[in-house]
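Raw contents of input-v8.txt, compact mmCIF, C-alpha atoms:
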```txt
# COMPACT_ATOMS: atom_id res chain seq x y z
CA MET A 1 32.65 6.21 10.01
CA GLU A 2 28.91 5.53 9.71
CA THR A 3 27.43 4.63 6.34
CA THR A 4 23.78 4.80 5.40
CA ASN A 5 22.02 2.85 2.69
CA PRO A 6 20.08 4.94 0.21
CA ARG A 7 16.34 4.34 0.40
CA VAL A 8 13.86 4.13 -2.43
CA SER A 9 10.38 5.40 -1.65
CA LYS A 10 7.23 3.61 -2.80
CA ARG A 11 6.59 6.39 -5.31
CA GLU A 12 10.12 6.16 -6.75
CA PHE A 13 9.98 2.35 -6.86
CA ILE A 14 6.68 2.36 -8.76
CA SER A 15 8.02 5.02 -11.12
CA ARG A 16 11.12 2.93 -11.86
CA VAL A 17 9.05 -0.21 -12.50
CA ALA A 18 6.74 1.76 -14.79
CA THR A 19 9.73 3.06 -16.74
CA ARG A 20 11.34 -0.38 -17.00
CA SER A 21 8.12 -2.11 -18.06
CA GLU A 22 6.87 0.79 -20.19
CA LEU A 23 3.51 0.56 -18.40
CA PRO A 24 1.52 3.49 -17.03
CA ILE A 25 2.22 4.35 -13.41
CA ARG A 26 -1.42 3.77 -12.46
CA VAL A 27 -1.26 0.18 -13.78
CA VAL A 28 2.00 -0.52 -11.93
CA ASN A 29 0.52 0.98 -8.77
CA LYS A 30 -2.56 -1.25 -9.02
CA VAL A 31 -0.38 -4.34 -9.52
CA TYR A 32 1.85 -3.28 -6.59
CA GLU A 33 -1.13 -2.88 -4.26
CA SER A 34 -2.62 -6.18 -5.45
CA LEU A 35 0.65 -8.03 -4.87
CA LEU A 36 0.96 -6.69 -1.34
CA GLY A 37 -2.70 -7.44 -0.64
CA GLU A 38 -2.39 -11.04 -1.81
CA LEU A 39 0.87 -11.48 0.12
CA THR A 40 -0.87 -10.24 3.28
CA VAL A 41 -3.83 -12.60 2.81
CA ALA A 42 -1.52 -15.58 2.21
CA ALA A 43 0.62 -14.75 5.25
CA ASN A 44 -2.46 -14.37 7.45
CA ARG A 45 -3.49 -17.88 6.39
CA GLY A 46 -0.06 -19.20 7.35
CA GLU A 47 0.89 -19.92 3.72
CA THR A 48 4.43 -19.54 2.41
CA VAL A 49 4.64 -17.51 -0.80
CA VAL A 50 7.46 -18.75 -3.03
CA LEU A 51 8.47 -16.54 -5.94
CA THR A 52 10.81 -18.59 -8.11
CA SER A 53 14.22 -16.97 -8.63
CA PHE A 54 13.37 -14.31 -6.03
CA GLY A 55 12.66 -15.84 -2.64
CA ARG A 56 9.99 -16.82 -0.17
CA PHE A 57 7.82 -14.89 2.26
CA TYR A 58 6.55 -16.62 5.37
CA ARG A 59 4.90 -15.88 8.68
CA GLN A 60 6.92 -16.33 11.86
CA ASP A 61 5.27 -16.41 15.28
CA HIS A 62 7.14 -14.95 18.23
CA LYS A 63 6.48 -15.56 21.90
CA GLY A 64 5.82 -12.57 24.08
CA HIS A 65 8.29 -11.68 26.76
CA LYS A 66 8.64 -9.78 29.96
CA VAL A 67 9.91 -6.24 29.75
CA ARG A 68 12.64 -5.41 32.20
CA PHE A 69 11.99 -1.68 32.28
CA GLY A 70 8.45 -0.70 31.54
CA LYS A 71 4.89 -1.04 32.65
CA SER A 72 3.64 -3.86 30.44
CA ASN A 73 4.89 -7.07 28.90
CA VAL A 74 5.09 -7.75 25.17
CA ASP A 75 2.34 -10.12 23.99
CA ASP A 76 2.85 -12.85 21.38
CA TYR A 77 3.29 -11.35 17.93
CA VAL A 78 3.77 -12.27 14.28
CA VAL A 79 6.32 -11.00 11.76
CA LEU A 80 6.63 -11.47 8.01
CA LYS A 81 10.00 -12.94 7.08
CA PHE A 82 11.71 -13.02 3.69
CA SER A 83 14.40 -15.40 2.54
CA ALA A 84 16.06 -14.59 -0.78
CA SER A 85 16.71 -17.45 -3.19
CA SER A 86 20.30 -18.43 -3.92
CA SER A 87 19.90 -17.38 -7.57
CA PHE A 88 18.71 -13.93 -6.49
CA ASN A 89 21.60 -13.60 -4.04
CA ARG A 90 24.05 -14.45 -6.84
CA ARG A 91 22.58 -11.64 -8.96
CA LEU A 92 23.18 -9.18 -6.12
CA GLY A 93 26.91 -9.79 -6.32
CA GLY A 94 27.05 -8.84 -9.99
CA ASN A 95 27.62 -5.57 -11.79
CA LYS A 96 25.48 -2.87 -10.15
CA THR A 97 24.91 -1.13 -13.48
CA ASP A 98 23.55 -4.27 -15.18
CA THR A 99 19.87 -3.56 -15.73
CA SER A 100 19.33 -5.54 -18.91
CA SER A 101 16.05 -7.28 -19.63
CA GLU A 102 17.90 -10.61 -19.61
CA THR A 103 18.82 -10.05 -15.96
CA TYR A 104 15.36 -9.17 -14.68
CA GLY A 105 12.95 -10.29 -17.39
CA THR A 106 10.37 -8.13 -19.11
CA ILE A 107 6.77 -8.33 -20.13
CA GLU A 108 6.85 -9.04 -23.85
CA ASP A 109 3.63 -7.33 -24.85
CA ALA A 110 2.96 -4.46 -22.47
CA ASP A 111 -0.10 -3.25 -24.40
CA GLU A 112 -1.79 -6.64 -24.13
CA PHE A 113 -0.96 -6.83 -20.41
CA GLU A 114 -2.38 -3.36 -19.82
CA ASN A 115 -5.62 -4.24 -21.63
CA VAL A 116 -6.06 -7.34 -19.48
CA ILE A 117 -5.35 -5.45 -16.23
CA GLU A 118 -7.55 -2.45 -17.09
CA GLY A 119 -10.49 -4.71 -17.92
CA ARG A 120 -10.33 -6.55 -14.58
CA ASP A 121 -11.42 -5.61 -11.14
CA LEU A 122 -9.05 -7.49 -8.82
CA ARG A 123 -11.18 -7.05 -5.70
CA PRO A 124 -13.60 -9.96 -6.40
CA ALA A 125 -10.64 -12.35 -6.72
CA LEU A 126 -9.26 -11.10 -3.41
CA GLN A 127 -12.64 -11.48 -1.74
CA ARG A 128 -12.94 -15.07 -2.99
CA THR A 129 -9.58 -15.91 -1.39
CA ARG A 130 -10.76 -14.57 1.97
CA SER A 131 -13.92 -16.72 2.01
```
What is this structure when it is put down as structure tokens?
Amino acid sequence: METTNPRVSKREFISRVATRSELPIRVVNKVYESLLGELTVAANRGETVVLTSFGRFYRQDHKGHKVRFGKSNVDDYVVLKFSASSSFNRRLGGNKTDTSSETYGTIEDADEFENVIEGRDLRPALQRTRS
């Protein structure tokens, strides 16, 4: 018997985070895009991104190889790897219905956070990191 894992789309994920944090979807979307952008920049530089109590993201280089059946060989390539922290793995084994703020943490003052985010343009900070 084949089992499939349910998938959560980007839209659904952002919606869930917005509901949990009580922030507008547009703010959560901007933070999501900024996080992925910064992760990409760091990985391109060869940096390891460590998120305490979550895990680490790192770049892994792979050697190309000959293709047995096909017209061309596979060139060297890079993949982004993720290694979950032991504390995060322990939380995965817990009660699946436990979604308390103590388990995941919350932003204490969502209004203050929103005001800070809305007043900032994150692109200049990203451009400074690329220089």
I'd like the contact shell of Glu12 of chain A - 12 Å cut-off, only C-alpha atoms, skipping same-chain residues fewer than 5 positions apart - returned as a PDB file with C-alpha atoms, in the coordinates of the input.
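Printed below is around_1.pdb as written:
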```pdb
ATOM      1  CA  ARG A   7      16.340   4.340   0.400  1.00  0.00           C
ATOM      2  CA  VAL A  17       9.050  -0.210 -12.500  1.00  0.00           C
ATOM      3  CA  ALA A  18       6.740   1.760 -14.790  1.00  0.00           C
ATOM      4  CA  THR A  19       9.730   3.060 -16.740  1.00  0.00           C
ATOM      5  CA  ILE A  25       2.220   4.350 -13.410  1.00  0.00           C
ATOM      6  CA  VAL A  28       2.000  -0.520 -11.930  1.00  0.00           C
ATOM      7  CA  ASN A  29       0.520   0.980  -8.770  1.00  0.00           C
TER       8      ASN A  29
END
```
Inset, instruction - Work out how far atom CA of Lys81 of chain A is from atom CA of Thr48 of chain A, in Å to one decimal. - result: 9.8 Å
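Put simply, atom CA of Tyr77 of chain A is 15.3 Å away from atom CA of Thr40 of chain A.
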Legend entry - Separation of atom CA of Thr4 of chain A from atom CA of Arg16 of chain A, in Å and rounded to one decimal: 21.5 Å
Legend entry - All residues 6 Å or closer to segment 54-63 of chain A, all atoms listed in the file, same chain fewer than 3 positions away omitted, as an MDAnalysis selection string: chainID A and resid 43 48:51 76:85 88
Can you complete the atoms of segment 31-46 of chain A to N, CA and C atoms and list them as a PDB file, in the coordinates of the input?
```pdb
ATOM      1  N   VAL A  31      -1.024  -3.033  -9.656  1.00  0.00           N
ATOM      2  CA  VAL A  31      -0.380  -4.340  -9.520  1.00  0.00           C
ATOM      3  C   VAL A  31       0.385  -4.410  -8.200  1.00  0.00           C
ATOM      4  N   TYR A  32       1.098  -3.348  -7.858  1.00  0.00           N
ATOM      5  CA  TYR A  32       1.850  -3.280  -6.590  1.00  0.00           C
ATOM      6  C   TYR A  32       0.914  -3.495  -5.401  1.00  0.00           C
ATOM      7  N   GLU A  33      -0.179  -2.763  -5.370  1.00  0.00           N
ATOM      8  CA  GLU A  33      -1.130  -2.880  -4.260  1.00  0.00           C
ATOM      9  C   GLU A  33      -1.753  -4.270  -4.223  1.00  0.00           C
ATOM     10  N   SER A  34      -2.042  -4.838  -5.389  1.00  0.00           N
ATOM     11  CA  SER A  34      -2.620  -6.180  -5.450  1.00  0.00           C
ATOM     12  C   SER A  34      -1.639  -7.235  -4.962  1.00  0.00           C
ATOM     13  N   LEU A  35      -0.373  -7.098  -5.336  1.00  0.00           N
ATOM     14  CA  LEU A  35       0.650  -8.030  -4.870  1.00  0.00           C
ATOM     15  C   LEU A  35       0.776  -8.003  -3.354  1.00  0.00           C
ATOM     16  N   LEU A  36       0.840  -6.804  -2.798  1.00  0.00           N
ATOM     17  CA  LEU A  36       0.960  -6.690  -1.340  1.00  0.00           C
ATOM     18  C   LEU A  36      -0.289  -7.207  -0.640  1.00  0.00           C
ATOM     19  N   GLY A  37      -1.444  -6.947  -1.223  1.00  0.00           N
ATOM     20  CA  GLY A  37      -2.700  -7.440  -0.640  1.00  0.00           C
ATOM     21  C   GLY A  37      -2.740  -8.962  -0.631  1.00  0.00           C
ATOM     22  N   GLU A  38      -2.374  -9.579  -1.734  1.00  0.00           N
ATOM     23  CA  GLU A  38      -2.390 -11.040  -1.810  1.00  0.00           C
ATOM     24  C   GLU A  38      -1.331 -11.648  -0.889  1.00  0.00           C
ATOM     25  N   LEU A  39      -0.175 -11.013  -0.793  1.00  0.00           N
ATOM     26  CA  LEU A  39       0.870 -11.480   0.120  1.00  0.00           C
ATOM     27  C   LEU A  39       0.382 -11.435   1.567  1.00  0.00           C
ATOM     28  N   THR A  40      -0.326 -10.386   1.928  1.00  0.00           N
ATOM     29  CA  THR A  40      -0.870 -10.240   3.280  1.00  0.00           C
ATOM     30  C   THR A  40      -1.899 -11.319   3.577  1.00  0.00           C
ATOM     31  N   VAL A  41      -2.806 -11.565   2.630  1.00  0.00           N
ATOM     32  CA  VAL A  41      -3.830 -12.600   2.810  1.00  0.00           C
ATOM     33  C   VAL A  41      -3.176 -13.966   2.988  1.00  0.00           C
ATOM     34  N   ALA A  42      -2.204 -14.282   2.131  1.00  0.00           N
ATOM     35  CA  ALA A  42      -1.520 -15.580   2.210  1.00  0.00           C
ATOM     36  C   ALA A  42      -0.787 -15.733   3.544  1.00  0.00           C
ATOM     37  N   ALA A  43      -0.107 -14.686   3.981  1.00  0.00           N
ATOM     38  CA  ALA A  43       0.620 -14.750   5.250  1.00  0.00           C
ATOM     39  C   ALA A  43      -0.333 -14.904   6.424  1.00  0.00           C
ATOM     40  N   ASN A  44      -1.470 -14.229   6.376  1.00  0.00           N
ATOM     41  CA  ASN A  44      -2.460 -14.370   7.450  1.00  0.00           C
ATOM     42  C   ASN A  44      -2.999 -15.788   7.537  1.00  0.00           C
ATOM     43  N   ARG A  45      -3.030 -16.485   6.422  1.00  0.00           N
ATOM     44  CA  ARG A  45      -3.490 -17.880   6.390  1.00  0.00           C
ATOM     45  C   ARG A  45      -2.386 -18.853   6.821  1.00  0.00           C
ATOM     46  N   GLY A  46      -1.178 -18.336   6.987  1.00  0.00           N
ATOM     47  CA  GLY A  46      -0.060 -19.200   7.350  1.00  0.00           C
ATOM     48  C   GLY A  46       0.616 -19.834   6.153  1.00  0.00           C
TER      49      GLY A  46
END
```
